[in-house]
Every structure is written in structure tokens, then in C-alpha cells.
Amino acid sequence: MNYPKMEEEILKYWNEHEIFKKSIEKRKGEKKFVFLEGPPTANGMPHPGHVLTRTVKDVVLRYKTMKGYYVARKAGWDTHGLPVEIEVEKILGLKNKQEIEEFGIEKFNQECKKNVFKYEEAWKEMTKRVGFWIDMENPYITLDNLYIESVWWSLKEAWKRGLLYRGYRVTPYCPRCGTTLSSHEVAQGYKEVEDDSIFVKFKIKGKDEFLLAWTTTPWTLISNVALAVHPDELYVKIEYNGEKIILAEARAKSILKEYRVLDVFKGMELKGIEYEPLYKFVEPDKKCWYVVTAVFVTMDEGTGIVHIAPAFGEEDYEVGIKYDLPVVQLVDNEGKFKKEAGWLSGKFVKDADKEIIENLKERGLLEGEQKYRHQYPFCWRCDSPLIYYAIESWFIGMSKLRDNLLKNNEEIKWYPENLKYGRFLDFIKDVRDWALSRKRYWGTPLPIWVCEKCKKEICIGSIKELKDLAGKIPYDLHRPFIDEIKIKCECGGEMKRVEEVIDAWYDSGCAFFAQWHYPFENEEEFMNNFPADFICEAIDQTRGWFYSLLAVSTLLFDKTCYKNVLTLGLILDEKGQKMSKKARNYIEPSEIFSKYGADALRWYLLSSSPPWQPKRIYEKAIKDALSQFLLTLWNVYSFYKTYSNLDKFDYERDFVKERKLIDRWILSRLQKVIMEVDKRMEEFEIHKACRAIEDFVVDELSNWYIRLCRKRFWTEEQNFDKLSGYSTLYEILSTLARIIAPFVPFIGEKIYLEMKGESVHLCDFPVVEESLIDEKLEEKMRLAREITEIIRGLRAKKNIKVRYPLKEAIISMEEGGELEEVINLIKEETNVKNIIFVENIEEYMEKKVKANLASLGKKYKKDAGNIANLIENCSVEKLKEGKIICNGKEYEISEEDYRIEIKEKEGYIFGEKDGIKVLLNITKSEELIVEGFAREIVRRIQQMRKEMNLEMEEKIIVEINISRDRIDGWEDYVKNETRSKEIKYCLPQDGYIKEWDIDDERIIIGIKKI
Ligand SMILES: [Zn+2]
Ligand SMILES: [Zn+2]
């Protein structure tokens, strides 16, 4: 079968018959299962990671639909944000914000909008091809005016409660991109660099004494406002190079050589001491330049005195808040000193280090300098060094909602469970206020207007509100149009919008209500879909979308907006490396689809490991999924199709109620598969559901049931045996199609369509039929299969082909009752004539006594050898008497003097597994050799008939270079099996002649068609 082609046909069928739409409509009015789609961005090609999320979502949604739920599926697109802008900057060759503004915000945003949907077609195609059913015709899109309006509403709600505010925050900042980076972005760009670190003296006011501080970022000294010491550590005043210097005692010992200690005291005692500023470019608006205490001061490096610049350090900023220190911010958005910074004005901060060091040296304030190697963060996009920078930003006061977040997390079921109290809890426990605003262009505009005259601020919560206040609204709510909307202030001044847009994570965090344009419309839909039952994305969304959703829904409704969250592992390459666009270490999904099909990829992704574990993806694995599972299933189905067509079997007309034993067994097993899949899907253990299905199909259905039943369908008459088999296979396959439909929707559809003429995806998931379960029979069959496996293993060990019949197998089992019903199956499968069950298999084996020379030697010294000889020739019963006579002397014998070995008798071989012991008779009797040889001949002739393309009913004459007695008594058997009219025992002369090697013997067979 050409698998990918079959899938294309199914896609066509789905499209023509609107099966997706019907599958949803059919469930209207049923209980809902609410799914919320995490919106991807279509400005990059979809890769295997996206295929994984789409596949897993699809399985769950199809399964729930088949279980009777109404499962609406709205697609979504995430459209705003810096990644889009960066991409467009690259395309347009723009290097910074100034160039963007010169290019024009309107044109720039137009490009962004176009770029966002650059690969929409590729995304749609991938989504369709992988079989993910989602409504792509009516998606929610975060750039829509109505979506933006809903986001505005939420911001106004926060504003009304005082949770949307303006503040400072020290964040890693890229001066090139002109924007802050989130912590996970920073983590991507560390490099080892060598910077100048310096020791600087700060003169204490009114004294000729200095505080010695150490810094690795000299340029931040411009903004120094305090020095911090550890309150509990010891500090010393020393005389060093003729000066009085203060630093930590521990640090003095490790960095200085000759000095004289003048005084020792705790850091606490330095608190409040004022010093003279190094630089005074601006007059601060608050008290500063004094010693404060902070526990983060370390004794591991530096001097134990830390210079504090709240504008340029996170810890510094915290100290600043605590002591109400001023923020001296003399650096602009491009990382250059502002004009207030005098002689430094216009310089990029990192480049100013040298001049500042020089300046301090001239003034005699530099105590020393050293190169300092450390890890420093660079921008992952543009490779500029980042600076830590206090920027004004708009915040959402999430830290005030911390307890609510914790409470709402309790209501969420996380898969895997450990995220709930692990990674996610850790994150929300330390939740910070959400730095919401971005000084950028392509995003939801922050709806805050400020009066130029009286500085009054208002937040706009709807389009109508804006229109009422401004008299008009723009056609497009994005920049620059929204910036042109001015509002008249009550003071008579003019209000202008602040220039910021908001974090795109906030946009997608609003999806659960903004997709409905709530609260302006669709209140009922919103209420009916809140909270969602199920969301599912890659694990890296834990601090991304999973958080932003919970944050926004906690803020607005103080409830979680999702009940179950399934996180998926990352996709890796064959060697376990992360996939990357740079390394191109992955196969394009489209290539996989056209080579192996979507089902193969789906099955591999679903069955290989738990959804939340990383997945290695490579061609061979997908190929194996195709050949090991899908094609096995297809072969079983083809077998059924071929023979039932030949026999014109019609289930409605011909089905029988009574079934043969093996038919009842496979039906019973099928019920267990349904049970297992239901149980596993309840907990999203999709891989276990898949394994149950695969084991059933490969192991039980194909390797056991079909193999054992083949011959039933070869007979020509229409008997009970056959009808029972067809009825069973029909039931098995049509049920199986429904079981696999959510996982591998194409082949499920193909089989079901052919059998039933309707779409499997409009069906219900199979329900367990208790009456078909027969535990006892399953147990018997399990034992029969185990016994068969042991016997086959023993044959293989001795190199005896299954075609050679063996006389008997003696078997004992620890447990397991009557196997009479399945004995014939075992005989047939193992080609053993007789199966005998016994209580104690050791009775059928030889017991051999082995003397223990070590123990005998200790007791009887030189007589030990003779005694040992006697022991080994003694029966076990006799030994149990406890004495032995040697050279007329009686010796005491105890159990440690010998051990009993149990061995197969000549001509037998022993095997054991899980408490089943088998003794297989492998002696070849003359008649068995003849029978086995006859079977070998039959197989060769059948092979040759096939090579001659003979039809079943065509008769032949066989010539063969053996004597008649080689198949004595089996000639008729050979003739019947091979449809031969005559066998001539001679060297073949004409016809189709072939030479064979049968057990090292040269056998020549010739065949003539009659
Ligand atoms: Zn950058
Ligand atoms: Zn005003």
C-alpha cells in the first residue's frame, strides 16, 4: 500500500464530506469539553515541535468527541511582539529605533502585519496534513481591533483596582534593540569576558579616612548614591600606604599584604556614615551618599563594601527602595550617557570605563585595578552586551495577587503532576510585578492617556469610551493611528497616549475571554467556556503562556481559566541534541508526510514515551512505526478483506453467534484494550494507550490469532469454523478502527470506510462489552502462548526447525488449571505430537549425586576420595539413611557432603520460564524424520509454484531426485498440499527446475504444468 497516497485520499474525503464540521455538529447539546488553543505565530515555518503539539491536542480532542462530548475547536494566531519586529528590521535593513522611526511607524507596522502571516499557508497545510482538526477559518487573532478592545477592558479593570501602575524596574536591557529582555532570554546569551575591575576610595566626610569599594562596572560609579556593608561581618580600619582605609577584615587578609590594623568593628557600626560623592553631575532629590547595610554583601570577593547605584542593579534598586535613595539615571535608551553627564555625554557606557578609571587615577581615588574574567550576558538577537538598567515601565501588580495565584493553582491539574508544586509553584511563589509595557511599535497599544499640562492620567477600557472622549476613533487601533487620538483634559490641556505598547504575552494570556470579544459580546459563550477543560503546549510555556493565562484570569476573575494542563517534552534530534534552525538537525515535517505519512509520525510521537518527556525524532524511528504497527495492522485487514471477498462473506447475513474458543479469546482481549485505552486517556497517558493497542495488534492479533487461524479460511466449504472466524475478524477490525481513530485518524478512517461505508470520526468510541470478557480463557491462552514460546526457544537452541515434528513435551506449572482446551493450539504451533502435564517434572529427569570433597576432606582426610566415589554411585534414597560403608568401615554422611543435580535424560532438553517447566523430547524417530522431510519438500514446491505464477487450481507433475521411501506414507499428503497429479522419483529433466539445500543435502525439484 502507498500509505501517504491513502492519506491524501482520506483528506479529500474529509474535505468533500465536511467530516470535521459534522463531527462537531453531531454533538451539539451534549456535555462540553472545552479546549483553548495556544496561539502560534506564523512568522516562521512550522517545525517538528509544532507537529507534536498539534498531534497531541488532536488525539485528545478526537477522543473526547468520540466519547460523546461537544468539543469546539477555535484556532488562534499570536501576532504581536518583538520577535516579529526584529524579523522585519532584518528584512528592511533597519538597525535601531531611530531608523525605524525615520522609515515611518505606519509602514513598519504594515510590514509587521504582513510578516506575521508570512507562513500562514505553510501552517495551514501542516495542520491539515497532520490531521489536526481545528477551525482555521474563524480563528481568534490578537491584532484584531475587537481582540484589542477586550484586552483594553482587562487593563482598565486592573487600573480601576490600582493594579496597573507606573514604576521603575531594573532589567537586563539591550541598548541596540532598545528593549528589555526577559530572564529566559538573558539565559541564552552568556559569554565569558574580561572586564576591568577597580578598587575605589570614597572619602568619609570631615575625616581623612576612606571606605574602599570594588566594582566590575566602573561606568555605574557616575550614579553611585550609597555604599553597602554587611551588618554582621567584621570590618577593620587599617593603615595602608600611609592612608587610613576601611574594609572587611576577611577581605583585607586576602587582598592586601602589609598593613597595620587600627580598629575592628561590626559592619553595623558603619551604618549612616556619610562620604563625599565621586561625581555630582546632578543634584539628587533625596538624601544619599552614606553607608547602608545589606545582607547580600559577600566576603568572597571585592572589599566587603559594595557600591550602590539603584539605576543599574537589581539588588541596588531594592536597597534604594528600602532606604529611599534617589535613582540617578544618566543613561539614555541607547545605552549612552545623557547630556547631563558632562564630559561623558554621548559615550556608550561600556566604552566609558577607561576614561572613568583614568579620571579616578588622576584624582588619587584609585587604589588598584585588575582584570576580571566573568560570565556576562549578551543580547541573543543582536549580540550587544546587555546592561542592567532601571527603566520606567508600566506594571501589573501581580505580587499583590500572589496568594490568589497560589490558591488558583490548587484548582489546576498538571500533567506531569510534579510541575504543580515544582517548577510552576516556585515561579508564582516569588512572583514579581509584571513589567507590561514595551517602548516599541508592533503591539497592543497601552490605552493610557496623559495630560501634558496637569499630568492627569486616564485608562481607556473600550472603543466606545475612547470615541466618547476623543470624538473619533481610528480605523486601526495600532500605532501610529492611535497616537493621533487626543483627548481634552478637564484642565483644558491636551491628553496624549503614552508611547508604549504591551507585552505580547499579555495578549495571549487574554485569549480565554478576548477570543469571544467578551465582555462586549458573547457573554454566554464566554461563560460556557470558562474555565477551559484542557490546554496543551510544550513545557517551555510553563513560565510563558501557562503563567500568563493564570495571571490574567486571576487578575480578572480570581479563578483559573484552565482545569487541566498537559505539557509536552521538547523535540530532539537522533543524538538527543536540541533542534535548532541553525544546525538544521531536523527533517521537515512535509518531507516525513510525503515519505511515510502523517499516521506514522503521529504514532511514533504518541507511542514512544510519555507526552511530557523529550522526544528524539529521526527518520528510522518513523519508518519503524510505519512498518511495525501500521503495516502490520493493514496486513491483518488485507488478509480479512481478501478472503472474506473471495467467500462473499456478508456480516449482516452470515454472522454466527456461537464462536470458536480462539475467537472468544481475541474478542475478550479486545474488550481489555478498550478498557485500558479509556483508563489511560483519563490521565493523558497516551503512550500507554498506544502500547496497549500496538501489543494487541502486533502480538495478539497478527502474531497469534491470524497465524493460528489462517488455515480456517483456506478450506473451500462454508463451514462454522470459517463463519465464526469471519464474524470475529469483522467485529475486531471494525471496533479496532474506532479505537485507533483518534490516534491514527487516516488508517482508522480507511478501514472503517471500506467496512462500513461511513466515517469512523462520526462514531462513538467503543464501549466494553462485559459479556465478552472471559478471564479464565485469557489465562489459559496466556499459558498456552508462554508454553509455545518456551518450546520454540528450545527448538531454536538445538537448531530443530518447527517443520520437524517432535514426539512429546512434558510440562509442569506452578499454577494454572485445565489447559485441555488449548492443548491442540500448542501442538499445532509447536509441531509436537504429544503434550503431557505432570505434577513433578523432576521425576522425569535424572538425578545425579555429586560429592562435596571439601566437606568430606575436612572430616575424613585421606579416606575422602574413596567415600566420594561411593557417594556418587549411591542412590539418593540410600544416602538419606545417613551412613555409608567404605572398606568395611561405617562413615556418617550428612546433607552438606553431597548435592543432587537434576539433569535432562538423554534425548531431552529442559527449559523454564515464569514457573513453567518444559521437558522437550528431541529424539528424532524414523517416522518423524520422514514427516518432517515431507513438509520440507512441500514448502519448496509451494515456493516454486509461486515463482511460476501458478493459480491455485492449476495441477502439476513433480520430478524429484530422491527415492520414494524418503517420504513413505506421506506421498498423498505432499500431492494434496501441492496440487500434484504425480510425483516421479528421478533426476528432473525438463520443466521448471530448481536446486535446494535441505539439511546439507542437494535436492533437485522439477515442476511441469499439466
Ligand atoms: Zn539586541
Ligand atoms: Zn490636565
# chains A, B, ... in the order shown; residues from 1 in each chain; ligands from 1
call {"tool": "residues_near_ligand", "arguments": {"ligand": "ligand 1", "cutoff": "7 Å", "atoms": "only C-alpha atoms and all ligand atoms", "output": "list in words"}}
result
Cys174, Pro175, Arg176, Cys177, Cys379, Trp380, Arg381, Cys382, Asp383 and Ser384 of chain A
call {"tool": "select_by_dssp", "arguments": {"residues": "segment 447-503 of chain A", "states": "alpha helix (DSSP H)", "output": "list in words"}}
result
Ile463, Lys464, Glu465, Leu466, Lys467, Asp468, Leu469 and Ala470 of chain A
call {"tool": "write_last_selection", "arguments": {"atoms": "all heavy atoms", "output": "PDB file, in the first residue's frame"}}
result
ATOM      1  N   ILE A 463     -13.636  50.852  23.013  1.00  0.00           N
ATOM      2  CA  ILE A 463     -13.629  51.718  21.830  1.00  0.00           C
ATOM      3  C   ILE A 463     -14.644  52.849  22.014  1.00  0.00           C
ATOM      4  O   ILE A 463     -14.388  54.001  21.699  1.00  0.00           O
ATOM      5  CB  ILE A 463     -13.948  50.888  20.569  1.00  0.00           C
ATOM      6  CG1 ILE A 463     -12.792  49.893  20.314  1.00  0.00           C
ATOM      7  CG2 ILE A 463     -14.162  51.795  19.361  1.00  0.00           C
ATOM      8  CD1 ILE A 463     -13.048  48.893  19.204  1.00  0.00           C
ATOM      9  N   LYS A 464     -15.785  52.487  22.590  1.00  0.00           N
ATOM     10  CA  LYS A 464     -16.844  53.485  22.787  1.00  0.00           C
ATOM     11  C   LYS A 464     -16.374  54.606  23.724  1.00  0.00           C
ATOM     12  O   LYS A 464     -16.574  55.782  23.466  1.00  0.00           O
ATOM     13  CB  LYS A 464     -18.091  52.807  23.371  1.00  0.00           C
ATOM     14  CG  LYS A 464     -19.266  53.756  23.547  1.00  0.00           C
ATOM     15  CD  LYS A 464     -20.502  53.020  23.996  1.00  0.00           C
ATOM     16  CE  LYS A 464     -21.667  53.986  24.177  1.00  0.00           C
ATOM     17  NZ  LYS A 464     -21.438  54.999  25.218  1.00  0.00           N
ATOM     18  N   GLU A 465     -15.711  54.191  24.805  1.00  0.00           N
ATOM     19  CA  GLU A 465     -15.220  55.174  25.768  1.00  0.00           C
ATOM     20  C   GLU A 465     -14.260  56.157  25.103  1.00  0.00           C
ATOM     21  O   GLU A 465     -14.330  57.369  25.313  1.00  0.00           O
ATOM     22  CB  GLU A 465     -14.528  54.448  26.929  1.00  0.00           C
ATOM     23  CG  GLU A 465     -14.125  55.362  28.075  1.00  0.00           C
ATOM     24  CD  GLU A 465     -13.362  54.629  29.184  1.00  0.00           C
ATOM     25  OE1 GLU A 465     -13.235  53.380  29.102  1.00  0.00           O
ATOM     26  OE2 GLU A 465     -12.893  55.302  30.107  1.00  0.00           O
ATOM     27  N   LEU A 466     -13.404  55.602  24.252  1.00  0.00           N
ATOM     28  CA  LEU A 466     -12.438  56.452  23.554  1.00  0.00           C
ATOM     29  C   LEU A 466     -13.151  57.413  22.612  1.00  0.00           C
ATOM     30  O   LEU A 466     -12.844  58.603  22.544  1.00  0.00           O
ATOM     31  CB  LEU A 466     -11.442  55.582  22.781  1.00  0.00           C
ATOM     32  CG  LEU A 466     -10.338  56.330  22.028  1.00  0.00           C
ATOM     33  CD1 LEU A 466      -9.480  57.144  22.995  1.00  0.00           C
ATOM     34  CD2 LEU A 466      -9.454  55.350  21.258  1.00  0.00           C
ATOM     35  N   LYS A 467     -14.142  56.847  21.922  1.00  0.00           N
ATOM     36  CA  LYS A 467     -14.876  57.679  20.970  1.00  0.00           C
ATOM     37  C   LYS A 467     -15.628  58.793  21.690  1.00  0.00           C
ATOM     38  O   LYS A 467     -15.637  59.949  21.249  1.00  0.00           O
ATOM     39  CB  LYS A 467     -15.855  56.795  20.188  1.00  0.00           C
ATOM     40  CG  LYS A 467     -16.330  57.452  18.903  1.00  0.00           C
ATOM     41  CD  LYS A 467     -17.197  56.521  18.091  1.00  0.00           C
ATOM     42  CE  LYS A 467     -17.759  57.259  16.888  1.00  0.00           C
ATOM     43  NZ  LYS A 467     -18.768  56.457  16.194  1.00  0.00           N
ATOM     44  N   ASP A 468     -16.243  58.451  22.820  1.00  0.00           N
ATOM     45  CA  ASP A 468     -16.972  59.460  23.589  1.00  0.00           C
ATOM     46  C   ASP A 468     -16.055  60.574  24.045  1.00  0.00           C
ATOM     47  O   ASP A 468     -16.435  61.744  24.054  1.00  0.00           O
ATOM     48  CB  ASP A 468     -17.636  58.809  24.815  1.00  0.00           C
ATOM     49  CG  ASP A 468     -18.828  57.951  24.401  1.00  0.00           C
ATOM     50  OD1 ASP A 468     -19.234  58.034  23.219  1.00  0.00           O
ATOM     51  OD2 ASP A 468     -19.327  57.177  25.250  1.00  0.00           O
ATOM     52  N   LEU A 469     -14.830  60.225  24.432  1.00  0.00           N
ATOM     53  CA  LEU A 469     -13.916  61.226  24.971  1.00  0.00           C
ATOM     54  C   LEU A 469     -13.185  62.005  23.887  1.00  0.00           C
ATOM     55  O   LEU A 469     -12.945  63.187  24.005  1.00  0.00           O
ATOM     56  CB  LEU A 469     -12.891  60.566  25.900  1.00  0.00           C
ATOM     57  CG  LEU A 469     -13.438  60.075  27.245  1.00  0.00           C
ATOM     58  CD1 LEU A 469     -12.379  59.282  27.988  1.00  0.00           C
ATOM     59  CD2 LEU A 469     -13.919  61.251  28.103  1.00  0.00           C
ATOM     60  N   ALA A 470     -12.819  61.295  22.801  1.00  0.00           N
ATOM     61  CA  ALA A 470     -11.984  61.935  21.785  1.00  0.00           C
ATOM     62  C   ALA A 470     -12.784  62.405  20.579  1.00  0.00           C
ATOM     63  O   ALA A 470     -12.298  63.157  19.758  1.00  0.00           O
ATOM     64  CB  ALA A 470     -10.901  60.955  21.329  1.00  0.00           C
TER      65      ALA A 470
END
call {"tool": "residues_near_ligand", "arguments": {"ligand": "ligand 2", "cutoff": "9 Å", "atoms": "only C-alpha atoms and all ligand atoms", "output": "list in words"}}
result
Val450, Cys451, Glu452, Lys453, Cys454, Lys455, Lys456, Glu457, Lys488, Cys489, Glu490, Cys491, Gly492, Gly493, Glu494 and Met495 of chain A
call {"tool": "write_last_selection", "arguments": {"atoms": "N, CA and C atoms", "output": "compact mmCIF listing (two decimals), in the first residue's frame"}}
result
# COMPACT_ATOMS: atom_id res chain seq x y z
N VAL A 450 -2.23 60.74 28.93
CA VAL A 450 -1.70 61.63 29.98
C VAL A 450 -1.85 63.09 29.53
N CYS A 451 -2.30 63.92 30.46
CA CYS A 451 -2.45 65.34 30.15
C CYS A 451 -1.09 66.00 30.16
N GLU A 452 -0.80 66.74 29.12
CA GLU A 452 0.50 67.38 29.02
C GLU A 452 0.64 68.51 30.03
N LYS A 453 -0.51 69.05 30.44
CA LYS A 453 -0.47 70.21 31.31
C LYS A 453 -0.50 69.81 32.79
N CYS A 454 -1.58 69.05 33.17
CA CYS A 454 -1.71 68.75 34.60
C CYS A 454 -1.24 67.35 34.96
N LYS A 455 -0.75 66.58 33.94
CA LYS A 455 -0.20 65.23 34.17
C LYS A 455 -1.25 64.21 34.60
N LYS A 456 -2.52 64.56 34.51
CA LYS A 456 -3.56 63.60 34.86
C LYS A 456 -3.52 62.42 33.88
N GLU A 457 -3.76 61.20 34.43
CA GLU A 457 -3.74 60.01 33.57
C GLU A 457 -5.10 59.34 33.57
N LYS A 488 -9.34 65.82 25.31
CA LYS A 488 -9.31 67.10 26.02
C LYS A 488 -9.38 66.84 27.52
N CYS A 489 -8.45 67.40 28.25
CA CYS A 489 -8.44 67.19 29.70
C CYS A 489 -9.39 68.18 30.34
N GLU A 490 -9.89 67.85 31.54
CA GLU A 490 -10.80 68.77 32.23
C GLU A 490 -10.11 70.07 32.61
N CYS A 491 -8.75 70.04 32.66
CA CYS A 491 -8.00 71.25 32.99
C CYS A 491 -7.83 72.15 31.76
N GLY A 492 -8.31 71.69 30.62
CA GLY A 492 -8.16 72.48 29.41
C GLY A 492 -6.98 72.04 28.57
N GLY A 493 -6.10 71.25 29.16
CA GLY A 493 -4.92 70.77 28.43
C GLY A 493 -5.28 69.62 27.50
N GLU A 494 -4.26 69.12 26.81
CA GLU A 494 -4.49 68.04 25.85
C GLU A 494 -3.85 66.76 26.36
N MET A 495 -4.62 65.67 26.27
CA MET A 495 -4.09 64.39 26.72
C MET A 495 -3.60 63.60 25.51
call {"tool": "residues_around", "arguments": {"residues": "Tyr140 of chain A", "least_positions_apart": "6", "cutoff": "10 Å", "atoms": "only C-alpha atoms", "output": "number ranges by chain"}}
result
A: 37, 39, 74-78, 146-147, 511, 514-517
call {"tool": "select_by_dssp", "arguments": {"residues": "segment 321-376 of chain A", "states": "strand (DSSP E or B)", "output": "PyMOL selection string"}}
result
chain A and resi 331+336-337+348+366-376
call {"tool": "closest_residue", "arguments": {"among": "A:Gly167, A:Gly29, A:Gly342, A:Gly38", "to": "Cys536 of chain A", "atoms": "only C-alpha atoms"}}
result
A:Gly38
call {"tool": "residues_around", "arguments": {"residues": "Lys203 of chain A", "least_positions_apart": "6", "cutoff": "8 Å", "atoms": "only C-alpha atoms", "output": "ChimeraX atom specification"}}
result
/A:209-211,275-276
call {"tool": "residues_around", "arguments": {"residues": "Tyr168 of chain A", "least_positions_apart": "2", "cutoff": "8 Å", "atoms": "only C-alpha atoms", "output": "list in words"}}
result
Arg166, Val170, Ala390, Ile391, Glu392 and Ser393 of chain A
call {"tool": "atom_distance", "arguments": {"atom1": "atom CA of Glu1001 of chain A", "atom2": "atom CA of Ser963 of chain A"}}
result
13.4 Å
call {"tool": "closest_residue", "arguments": {"among": "A:Phe933, A:Tyr441, A:Tyr119, A:Tyr190", "to": "Gly81 of chain A", "atoms": "only C-alpha atoms"}}
result
A:Tyr441
call {"tool": "residues_around", "arguments": {"residues": "segment 968-970 of chain A", "least_positions_apart": "4", "cutoff": "7 Å", "atoms": "only C-alpha atoms", "output": "VMD selection string"}}
result
chain A and resid 930 to 931 934 964 974
call {"tool": "write_last_selection", "arguments": {"atoms": "all heavy atoms", "output": "PDB file, in the first residue's frame"}}
result
ATOM      1  N   VAL A 930      10.696 -38.695   8.483  1.00  0.00           N
ATOM      2  CA  VAL A 930      10.006 -38.762   7.191  1.00  0.00           C
ATOM      3  C   VAL A 930       8.962 -37.655   7.082  1.00  0.00           C
ATOM      4  O   VAL A 930       8.881 -36.930   6.098  1.00  0.00           O
ATOM      5  CB  VAL A 930       9.345 -40.158   7.011  1.00  0.00           C
ATOM      6  CG1 VAL A 930       8.427 -40.157   5.793  1.00  0.00           C
ATOM      7  CG2 VAL A 930      10.407 -41.230   6.877  1.00  0.00           C
ATOM      8  N   GLU A 931       8.187 -37.490   8.127  1.00  0.00           N
ATOM      9  CA  GLU A 931       7.146 -36.460   8.120  1.00  0.00           C
ATOM     10  C   GLU A 931       7.753 -35.063   7.940  1.00  0.00           C
ATOM     11  O   GLU A 931       7.307 -34.267   7.120  1.00  0.00           O
ATOM     12  CB  GLU A 931       6.330 -36.497   9.415  1.00  0.00           C
ATOM     13  CG  GLU A 931       5.206 -35.474   9.434  1.00  0.00           C
ATOM     14  CD  GLU A 931       4.484 -35.420  10.776  1.00  0.00           C
ATOM     15  OE1 GLU A 931       4.578 -36.409  11.534  1.00  0.00           O
ATOM     16  OE2 GLU A 931       3.842 -34.396  11.039  1.00  0.00           O
ATOM     17  N   ALA A 934       8.940 -34.585   4.450  1.00  0.00           N
ATOM     18  CA  ALA A 934       7.804 -34.350   3.554  1.00  0.00           C
ATOM     19  C   ALA A 934       7.378 -32.884   3.621  1.00  0.00           C
ATOM     20  O   ALA A 934       7.084 -32.255   2.608  1.00  0.00           O
ATOM     21  CB  ALA A 934       6.655 -35.274   3.922  1.00  0.00           C
ATOM     22  N   ARG A 964      11.520 -43.065  -3.244  1.00  0.00           N
ATOM     23  CA  ARG A 964      10.154 -42.974  -2.738  1.00  0.00           C
ATOM     24  C   ARG A 964      10.090 -43.142  -1.214  1.00  0.00           C
ATOM     25  O   ARG A 964       9.314 -42.460  -0.535  1.00  0.00           O
ATOM     26  CB  ARG A 964       9.289 -44.044  -3.416  1.00  0.00           C
ATOM     27  CG  ARG A 964       7.812 -44.005  -3.001  1.00  0.00           C
ATOM     28  CD  ARG A 964       7.062 -45.198  -3.546  1.00  0.00           C
ATOM     29  NE  ARG A 964       6.993 -45.167  -5.003  1.00  0.00           N
ATOM     30  CZ  ARG A 964       5.949 -44.712  -5.680  1.00  0.00           C
ATOM     31  NH1 ARG A 964       4.893 -44.265  -5.049  1.00  0.00           N
ATOM     32  NH2 ARG A 964       5.949 -44.719  -6.984  1.00  0.00           N
ATOM     33  N   VAL A 974       1.842 -34.889   0.356  1.00  0.00           N
ATOM     34  CA  VAL A 974       2.609 -33.977  -0.491  1.00  0.00           C
ATOM     35  C   VAL A 974       1.798 -33.620  -1.742  1.00  0.00           C
ATOM     36  O   VAL A 974       1.704 -32.451  -2.120  1.00  0.00           O
ATOM     37  CB  VAL A 974       3.971 -34.593  -0.893  1.00  0.00           C
ATOM     38  CG1 VAL A 974       4.708 -33.678  -1.874  1.00  0.00           C
ATOM     39  CG2 VAL A 974       4.831 -34.837   0.339  1.00  0.00           C
TER      40      VAL A 974
END
call {"tool": "residues_around", "arguments": {"residues": "Asn873 of chain A", "least_positions_apart": "4", "cutoff": "9 Å", "atoms": "only C-alpha atoms", "output": "PyMOL selection string"}}
result
chain A and resi 848-849+868-869
call {"tool": "atom_distance", "arguments": {"atom1": "atom CA of Pro474 of chain A", "atom2": "atom CA of Glu106 of chain A"}}
result
12.9 Å
call {"tool": "closest_residue", "arguments": {"among": "A:Glu808, A:Asp897, A:Glu269, A:Glu749", "to": "Glu9 of chain A", "atoms": "only C-alpha atoms"}}
result
A:Glu749
call {"tool": "atom_distance", "arguments": {"atom1": "atom CA of Phe526 of chain A", "atom2": "atom CA of Phe513 of chain A"}}
result
6.3 Å
call {"tool": "closest_residue", "arguments": {"among": "A:Leu227, A:Ile305, A:Leu606, A:Leu181", "to": "Leu386 of chain A", "atoms": "only C-alpha atoms"}}
result
A:Leu181
call {"tool": "decode", "arguments": {"residues": "segment 20-28 of chain A", "atoms": "all heavy atoms", "output": "compact mmCIF listing (two decimals), in the first residue's frame"}}
result
# COMPACT_ATOMS: atom_id res chain seq x y z
N PHE A 20 -15.18 16.99 9.49
CA PHE A 20 -14.82 17.71 10.72
C PHE A 20 -16.01 18.49 11.27
O PHE A 20 -16.38 18.37 12.43
CB PHE A 20 -13.63 18.64 10.44
CG PHE A 20 -13.32 19.62 11.55
CD1 PHE A 20 -13.33 19.21 12.87
CD2 PHE A 20 -12.99 20.95 11.26
CE1 PHE A 20 -13.04 20.09 13.91
CE2 PHE A 20 -12.70 21.84 12.29
CZ PHE A 20 -12.72 21.41 13.60
N LYS A 21 -16.64 19.25 10.37
CA LYS A 21 -17.78 20.05 10.78
C LYS A 21 -18.89 19.15 11.34
O LYS A 21 -19.46 19.42 12.40
CB LYS A 21 -18.29 20.84 9.57
CG LYS A 21 -18.86 22.20 9.93
CD LYS A 21 -19.12 23.04 8.69
CE LYS A 21 -20.58 23.38 8.60
NZ LYS A 21 -20.98 23.83 7.25
N LYS A 22 -19.15 18.09 10.61
CA LYS A 22 -20.21 17.17 11.05
C LYS A 22 -19.90 16.55 12.40
O LYS A 22 -20.79 16.35 13.22
CB LYS A 22 -20.39 16.05 10.01
CG LYS A 22 -21.16 16.49 8.77
CD LYS A 22 -21.35 15.33 7.82
CE LYS A 22 -21.86 15.80 6.46
NZ LYS A 22 -21.58 14.83 5.40
N SER A 23 -18.61 16.24 12.61
CA SER A 23 -18.26 15.56 13.87
C SER A 23 -18.57 16.45 15.06
O SER A 23 -18.89 15.97 16.14
CB SER A 23 -16.78 15.16 13.86
OG SER A 23 -15.95 16.27 14.14
N ILE A 24 -18.48 17.76 14.85
CA ILE A 24 -18.79 18.68 15.96
C ILE A 24 -20.29 18.92 16.06
O ILE A 24 -20.88 18.85 17.14
CB ILE A 24 -18.04 20.02 15.76
CG1 ILE A 24 -16.54 19.76 15.90
CG2 ILE A 24 -18.49 21.04 16.79
CD1 ILE A 24 -15.69 20.99 15.75
N GLU A 25 -20.89 19.16 14.91
CA GLU A 25 -22.33 19.45 14.92
C GLU A 25 -23.14 18.31 15.52
O GLU A 25 -24.14 18.52 16.20
CB GLU A 25 -22.81 19.73 13.49
CG GLU A 25 -22.63 21.20 13.12
CD GLU A 25 -22.80 21.46 11.63
OE1 GLU A 25 -23.18 20.52 10.91
OE2 GLU A 25 -22.54 22.60 11.21
N LYS A 26 -22.67 17.12 15.24
CA LYS A 26 -23.36 15.93 15.73
C LYS A 26 -23.50 15.94 17.25
O LYS A 26 -24.43 15.36 17.80
CB LYS A 26 -22.56 14.71 15.30
CG LYS A 26 -23.37 13.46 15.23
CD LYS A 26 -22.58 12.27 14.78
CE LYS A 26 -23.34 11.03 15.21
NZ LYS A 26 -22.52 9.90 15.49
N ARG A 27 -22.55 16.60 17.92
CA ARG A 27 -22.53 16.56 19.39
C ARG A 27 -23.16 17.80 20.01
O ARG A 27 -23.06 17.99 21.24
CB ARG A 27 -21.09 16.46 19.89
CG ARG A 27 -20.31 15.32 19.29
CD ARG A 27 -20.77 13.99 19.79
NE ARG A 27 -20.03 12.90 19.16
CZ ARG A 27 -20.29 11.62 19.38
NH1 ARG A 27 -21.26 11.27 20.19
NH2 ARG A 27 -19.58 10.70 18.78
N LYS A 28 -23.75 18.64 19.21
CA LYS A 28 -24.36 19.86 19.74
C LYS A 28 -25.36 19.50 20.83
O LYS A 28 -26.14 18.59 20.69
CB LYS A 28 -25.04 20.64 18.62
CG LYS A 28 -24.31 21.95 18.41
CD LYS A 28 -24.93 22.91 17.48
CE LYS A 28 -23.90 24.01 17.23
NZ LYS A 28 -23.90 24.48 15.87
